[in-house]
There are 4 protein chains.
Amino acid sequence: MRQHSPLQPLTQIPAHLQTIADYEKEAELHLSHMVWQYLQGGSMDEHSVRGNLSQFEQIQLLPRMLKDLTQGHTQIEILGQRFPHPIFVAPIGHQQQFHPDAEAATALAAEVLGSNMILSTFTNTDMRELKQGNPFKWFQLYWQGEREKSLSLVKMAEAHGFKAIVVTVDSPHSGIRDRERHAFFELPKYEPQPHHFIQQPQSKQNEHPLFQGLMKIAPTWADILWLSQNTSLPIILKGIVNPHDAELALQHGVKGIIVSNHGGRVLDGCISPITALELIKNVVPTDFPVLYDGGIRRGSDVFKAIALGASAVLVGRPCIYGLATAGALGVAHVLKILKEEFEITMALMGTATVDEINKDYIFQKS
Amino acid sequence: MRQHSPLQPLTQIPAHLQTIADYEKEAELHLSHMVWQYLQGGSMDEHSVRGNLSQFEQIQLLPRMLKDLTQGHTQIEILGQRFPHPIFVAPIGHQQQFHPDAEAATALAAEVLGSNMILSTFTNTDMRELKQGNPFKWFQLYWQGEREKSLSLVKMAEAHGFKAIVVTVDSPHSGIRDRERHAFFELPKYEPQPHHFIQQPQSKQNEHPLFQGLMKIAPTWADILWLSQNTSLPIILKGIVNPHDAELALQHGVKGIIVSNHGGRVLDGCISPITALELIKNVVPTDFPVLYDGGIRRGSDVFKAIALGASAVLVGRPCIYGLATAGALGVAHVLKILKEEFEITMALMGTATVDEINKDYIFQKS
Amino acid sequence: MRQHSPLQPLTQIPAHLQTIADYEKEAELHLSHMVWQYLQGGSMDEHSVRGNLSQFEQIQLLPRMLKDLTQGHTQIEILGQRFPHPIFVAPIGHQQQFHPDAEAATALAAEVLGSNMILSTFTNTDMRELKQGNPFKWFQLYWQGEREKSLSLVKMAEAHGFKAIVVTVDSPHSGIRDRERHAFFELPKYEPQPHHFIQQPQSKQNEHPLFQGLMKIAPTWADILWLSQNTSLPIILKGIVNPHDAELALQHGVKGIIVSNHGGRVLDGCISPITALELIKNVVPTDFPVLYDGGIRRGSDVFKAIALGASAVLVGRPCIYGLATAGALGVAHVLKILKEEFEITMALMGTATVDEINKDYIFQKS
Amino acid sequence: MRQHSPLQPLTQIPAHLQTIADYEKEAELHLSHMVWQYLQGGSMDEHSVRGNLSQFEQIQLLPRMLKDLTQGHTQIEILGQRFPHPIFVAPIGHQQQFHPDAEAATALAAEVLGSNMILSTFTNTDMRELKQGNPFKWFQLYWQGEREKSLSLVKMAEAHGFKAIVVTVDSPHSGIRDRERHAFFELPKYEPQPHHFIQQPQSKQNEHPLFQGLMKIAPTWADILWLSQNTSLPIILKGIVNPHDAELALQHGVKGIIVSNHGGRVLDGCISPITALELIKNVVPTDFPVLYDGGIRRGSDVFKAIALGASAVLVGRPCIYGLATAGALGVAHVLKILKEEFEITMALMGTATVDEINKDYIFQKS
């Protein structure tokens, strides 16, 4: 365990920070041991945390040469909205632990880089304070235990210019986090927590605290359908990995899904999300948006996920590495690194546009 | 080799013990080097000891989201007997080396946690001293060299409330245990050894000491049939890994089997028990109880074994880690950890009952 | 990072230098840290650099015994030209950083050993200074941004006895080279750089510096066709890994290809070139020359590449290990080691001639 | 590199020597660095040396329980000759470097343990000095450059009670042995070398020293046929790994083959011999003897090779570990360890005789 106090955030970017891995090393110096364990850790033995990273190695790139790429660009369209590039900022809560500017800094960097920002329910920056003119922001919803409380957050998001609601469905329980428990991690008590209304349910005597307790406040498919019918915003589910659930999503008013294993933080040993992406793309209509979340550390990872069918990708921990290192400046640099790596990968692959990228450009050993 | 004396068992559970891995590290401190080698070691190069642990990594979980789990529970039924949950205590002999309270402590913890206790023939606690009212106890039989001696133990088990006889069939020879031999391990001479009647056979001159010696006191299928016809208790065979033997079991009056490679202690390089489980489930009737033993260290391992067809699972070394650390208190905590991890895994997988768990919830790369 | 100054090049070969791996260790002692990173490094995480080496382990040799090999030899024929053996010197630029004699030393060694020398556009030794009588030399062309500039280099090569033009097509961008960037690598400013005319394009305001900048000076298939129509020399493309591109090459006047991932220096995660070789051989005519480049460190690697269909192989970094160690003498020894290892492998495999080597002599687990 | 002088051979066996791995560690203490490199090393990067050991891990055992094994034994029959067990001593030359008693010690141990001894052409103990009454000895022949010289050795073997001629065919060149070269290994000049008549051929000027030199003294299929027609002893070829060669062997008077990659000492990257065994068993008649050589370190390895079709197995380096440690006593103990491990494996697998062992008892992941 590191003994020294965390370094202060930087105010300019030193020359040695050139990759996400560089930022990962740097960020550790700027965070307490406890917060670092929270950030890096995952569920149980962290097979999924590691698997999210290593899975990309199994996918090889199969480039084309000598194509004319002078009309190249990285723009994409999802649900009628046009984005400058497919690298989105994943919803991560409680960002004040990483940097005093919290989500405000992340949002600012995302806007500058043209990255769609997905704001967490557990944001320390009130959603009402995010710039309304920025068209690239979605709101992530954790179910608030009951329909009306959940809807009130959705209505607030509608009112403040968010363009979609991302409902996280993979964590009715937050998972068994050994690293956090071993570090005796506690969330800091920042006040106020703007959007977090959930109260732990009390299970009655003789009732099971999990099944008859926590599960009572978890959402169901019926709740999702109800929500989709009560908002003008498209509902996107985050945390779907089973093709059957992708099919159910289509039947319950859902407009898109984000394949994710929650960064390996909830269910250790969950199917590799890149494999889940492939399984799910086999069962949903071609134009149904399927986004990808998990383990993106390189522009080539972005390319691979898109080649397997992703409409866009979410980037989580790397943004926090940037945030912890240098606030908005750091997040912006992290996003810039990924964007440039993705562009260079596109050029080397012989793909002028994101739409051109498909399975013909990858090779997987069977 | 550690030089210090073993620590005394603890009398309360410190906060850092949160997983089976934590208990494994702690237990080593409370045991002599020689006993630790006995506990941890296996046969020859211990490929099977390690394989029992690593095999679970090959199986990924494929969860369902947004299901209603408020009626969830972990109960199961085997041979008409209902159990609170499917995590059983494996038969392990000679427990006095690990803690002075020996099997009495393990049995007490099992009862409190609702775990079915399988008492070893080589128990240091007389079976007659285990609480008779506890419905969750089975007796494990090592063949006593001849039919009548074996039956006398079975009759004693019948008389004292045991609900099934588990005959261990995979170790006519105890295996080549390099670690034990290198530590010059000897079983302590606790007196009396309540149920251990076997005497080593003397092979005559010119006879082979193994084939014409030890093999003469090993049981055969005819012995199993005879035993099943002479007891009112169901006979369950422990140590079956070959599908052909599973079929023979059905033909010889056997009511269930436990797939096991004896914790890697007997035949190094034996088929991975999780693979054997799959092979066997393909050939036996769906309602024929097939239990699983080997390498369970997490609640998610329990889930995976059940998804592959296990009716319940046996947990061995983890209980001893608890016993060595803190006697009955430690065993109880170990069982509680596994039970809670299993429940959380069920909740995250979207499975309300054990019966719902099946192969649709796992993904194995072909 | 090594602190001492680089050793001077050797003037004779010490006895401990017996393999390419020996030369690799030795070469590091004779180069500055910065130049060593440039030589050894590759793109991003260097999966491809490592993969180029490890891929050969997956291919096992299946030898024949007791054949008459007394008429054995290693000669091959490509595009009507006969070569003493199939081990060619890969084009590597800027060799003055490795040894003051630069490409002149490498070319001399290649000539003595009968290795076909492929001279890089970025040579520090003017192509006009290479011995004209040596029939074993090809010229490697980096596209010079426009057709006439490119053709002028080709015409110079025609005039000075080069027998083929190798156009490198896999690096419209030079790749993301973390190691070089972390070492703050800069090419030394040797003057004059004889054949390097390319000027970085200026992208206009609001234009994308990559797609509307660098890509404007990259060659296309039309350029290749034009070039093939304006030179008497055969055009060979280096850097093809996609079977579709191999088919296009045939349609655009190309006479051969070199399967290569540029030593892992450009596109990290690119398909393993040995796999690409197999895919490509499935689609091109049997007599279309397909050469192999990447990771050759042993004579047995040469054999494996040929068994999978290569007409000849290129060797890059090993030659530089020899050059850095002992100039022309070192390169010659490196080539001699590879040639003798290849001959002994042929003898042990029961193959008298290179033409006999085919897939029947290898075994790959499916 | 170890600095101390080698220890003297032991005269009794200490208690800690219980496995082949124990003997391997001990042997190193009793040999000079140079001889140890010779013994342990192999060809080039030693992938095959390591692969010979690791390949057994891929094969899992699938035992049967509750069978009557009281009539069990380990006897086998090959070419009409009955052997007490299937563990043979591989031909290894130059044994005087390992222990002053050389092959005489090895032969004595083999006789005591009932192991068939295959005496190398390069023996330091004259074949005429081995006990004639021992029925379990074969003679290994390295081709002597020409037919008559080779036949004279065969005739000597006939005259001195050897029961078969094992012709090693996989090493027309002795291989590229990096470790030996790096240790500047030289064979000691023991005099006289009883059976080693080969003289290096002189290639004429302009002739290739390998193809027109060494290959001229290598045997061909015609030589094998001729030899088989000129001796009353059965000819067995050692070093066959290609199924086509196994078929040719049948057509050239050969009575059996030994699948081997020469302990990884000749052709690095050669097909794993256990895979070769499977391929070859698919093409030869069931009763054609196919022996196995390579990487046997455990009784369970013997079982696995037999399950895949081997009639018997050869053990090389382990015998030398015993010889270097304690002369005949050490070799005898090594053979006893393997024999007992094999017997216990048979018992645990439920196989009473070697003939019963087959593919049904193993499991290989496809």
# chains A, B, ... in the order shown; residues from 1 in each chain; ligands from 1

call {"tool": "select_by_dssp", "arguments": {"residues": "segment 35-135 of chain C", "states": "strand (DSSP E)", "output": "PDB file with N, CA, C and O atoms, in the first residue's frame"}}
result
ATOM      1  N   ILE C  59       3.278 -23.657 -35.099  1.00  0.00           N
ATOM      2  CA  ILE C  59       3.449 -24.520 -36.275  1.00  0.00           C
ATOM      3  C   ILE C  59       4.495 -25.573 -35.941  1.00  0.00           C
ATOM      4  O   ILE C  59       5.628 -25.235 -35.613  1.00  0.00           O
ATOM      5  N   GLN C  60       4.091 -26.831 -35.988  1.00  0.00           N
ATOM      6  CA  GLN C  60       5.048 -27.890 -35.689  1.00  0.00           C
ATOM      7  C   GLN C  60       5.543 -28.520 -36.991  1.00  0.00           C
ATOM      8  O   GLN C  60       4.863 -28.490 -38.013  1.00  0.00           O
ATOM      9  N   LEU C  61       6.740 -29.060 -36.912  1.00  0.00           N
ATOM     10  CA  LEU C  61       7.378 -29.653 -38.086  1.00  0.00           C
ATOM     11  C   LEU C  61       7.097 -31.151 -38.134  1.00  0.00           C
ATOM     12  O   LEU C  61       7.125 -31.831 -37.112  1.00  0.00           O
ATOM     13  N   ILE C  76      16.336 -21.006 -55.430  1.00  0.00           N
ATOM     14  CA  ILE C  76      14.942 -20.728 -55.776  1.00  0.00           C
ATOM     15  C   ILE C  76      14.903 -19.831 -57.009  1.00  0.00           C
ATOM     16  O   ILE C  76      15.927 -19.241 -57.392  1.00  0.00           O
ATOM     17  N   GLU C  77      13.696 -19.700 -57.596  1.00  0.00           N
ATOM     18  CA  GLU C  77      13.514 -18.795 -58.720  1.00  0.00           C
ATOM     19  C   GLU C  77      12.272 -17.956 -58.477  1.00  0.00           C
ATOM     20  O   GLU C  77      11.226 -18.480 -58.102  1.00  0.00           O
ATOM     21  N   ILE C  78      12.418 -16.649 -58.658  1.00  0.00           N
ATOM     22  CA  ILE C  78      11.280 -15.738 -58.524  1.00  0.00           C
ATOM     23  C   ILE C  78      11.276 -14.798 -59.717  1.00  0.00           C
ATOM     24  O   ILE C  78      12.295 -14.150 -60.003  1.00  0.00           O
ATOM     25  N   GLN C  81      14.128 -14.841 -62.010  1.00  0.00           N
ATOM     26  CA  GLN C  81      15.473 -14.623 -61.456  1.00  0.00           C
ATOM     27  C   GLN C  81      15.804 -15.747 -60.480  1.00  0.00           C
ATOM     28  O   GLN C  81      14.976 -16.150 -59.666  1.00  0.00           O
ATOM     29  N   ARG C  82      16.998 -16.278 -60.596  1.00  0.00           N
ATOM     30  CA  ARG C  82      17.434 -17.378 -59.747  1.00  0.00           C
ATOM     31  C   ARG C  82      18.246 -16.828 -58.575  1.00  0.00           C
ATOM     32  O   ARG C  82      19.127 -15.991 -58.759  1.00  0.00           O
ATOM     33  N   PHE C  83      17.936 -17.294 -57.355  1.00  0.00           N
ATOM     34  CA  PHE C  83      18.637 -16.850 -56.153  1.00  0.00           C
ATOM     35  C   PHE C  83      19.278 -18.053 -55.469  1.00  0.00           C
ATOM     36  O   PHE C  83      18.706 -19.145 -55.469  1.00  0.00           O
ATOM     37  N   ILE C  87      16.598 -16.402 -48.435  1.00  0.00           N
ATOM     38  CA  ILE C  87      16.680 -15.481 -47.297  1.00  0.00           C
ATOM     39  C   ILE C  87      17.137 -14.118 -47.801  1.00  0.00           C
ATOM     40  O   ILE C  87      18.301 -13.938 -48.167  1.00  0.00           O
ATOM     41  N   PHE C  88      16.188 -13.168 -47.827  1.00  0.00           N
ATOM     42  CA  PHE C  88      16.446 -11.841 -48.388  1.00  0.00           C
ATOM     43  C   PHE C  88      16.622 -10.826 -47.257  1.00  0.00           C
ATOM     44  O   PHE C  88      16.148 -11.040 -46.134  1.00  0.00           O
ATOM     45  N   VAL C  89      17.282  -9.723 -47.585  1.00  0.00           N
ATOM     46  CA  VAL C  89      17.469  -8.654 -46.608  1.00  0.00           C
ATOM     47  C   VAL C  89      16.333  -7.644 -46.750  1.00  0.00           C
ATOM     48  O   VAL C  89      16.149  -7.045 -47.816  1.00  0.00           O
ATOM     49  N   MET C 117      19.249  -8.176 -51.664  1.00  0.00           N
ATOM     50  CA  MET C 117      19.182  -6.978 -50.823  1.00  0.00           C
ATOM     51  C   MET C 117      18.063  -6.082 -51.308  1.00  0.00           C
ATOM     52  O   MET C 117      18.041  -5.702 -52.489  1.00  0.00           O
ATOM     53  N   ILE C 118      17.153  -5.716 -50.414  1.00  0.00           N
ATOM     54  CA  ILE C 118      16.097  -4.783 -50.794  1.00  0.00           C
ATOM     55  C   ILE C 118      16.425  -3.454 -50.142  1.00  0.00           C
ATOM     56  O   ILE C 118      16.355  -3.310 -48.920  1.00  0.00           O
ATOM     57  N   LEU C 119      16.826  -2.494 -50.967  1.00  0.00           N
ATOM     58  CA  LEU C 119      17.320  -1.215 -50.454  1.00  0.00           C
ATOM     59  C   LEU C 119      16.148  -0.271 -50.190  1.00  0.00           C
ATOM     60  O   LEU C 119      15.296  -0.068 -51.056  1.00  0.00           O
TER      61      LEU C 119
END

call {"tool": "interface_residues", "arguments": {"of": "chain A", "to": "chain C", "cutoff": "7 Å", "atoms": "only C-alpha atoms", "output": "list in words"}}
result
His16, Gln60, Leu61, Leu62, Pro63, Arg64, Met65, Leu66, Lys67, Asp68, Leu69, Thr70, Gln71, Gly72, Leu348 and Phe363 of chain A

call {"tool": "residues_around", "arguments": {"residues": "Val49 of chain D", "least_positions_apart": "2", "cutoff": "8 Å", "atoms": "only C-alpha atoms", "output": "number ranges by chain"}}
result
D: 41-43, 46-47, 51-53, 263-265, 268, 295

call {"tool": "residues_around", "arguments": {"residues": "Asp293 of chain C", "least_positions_apart": "2", "cutoff": "8 Å", "atoms": "only C-alpha atoms", "output": "NGL selection string"}}
result
:C and (90 or 258-263 or 273 or 291 or 295-296 or 313-315)

call {"tool": "select_by_dssp", "arguments": {"residues": "segment 52-237 of chain C", "states": "alpha helix (DSSP H)", "output": "PyMOL selection string"}}
result
chain C and resi 52-54+102-113+147-159+178-182+221-229

call {"tool": "residues_around", "arguments": {"residues": "Thr74 of chain B", "least_positions_apart": "6", "cutoff": "8 Å", "atoms": "only C-alpha atoms", "output": "PyMOL selection string"}}
result
chain B and resi 84-86+343+353-354

call {"tool": "atom_distance", "arguments": {"atom1": "atom CA of Thr168 of chain B", "atom2": "atom CA of His94 of chain B"}}
result
15.9 Å

call {"tool": "residues_around", "arguments": {"residues": "segment 326-337 of chain B", "least_positions_apart": "2", "cutoff": "7 Å", "atoms": "only C-alpha atoms", "output": "ChimeraX atom specification"}}
result
/B:9-11,19-20,99,101,105-106,108-110,113,318-319,322-324,339-341
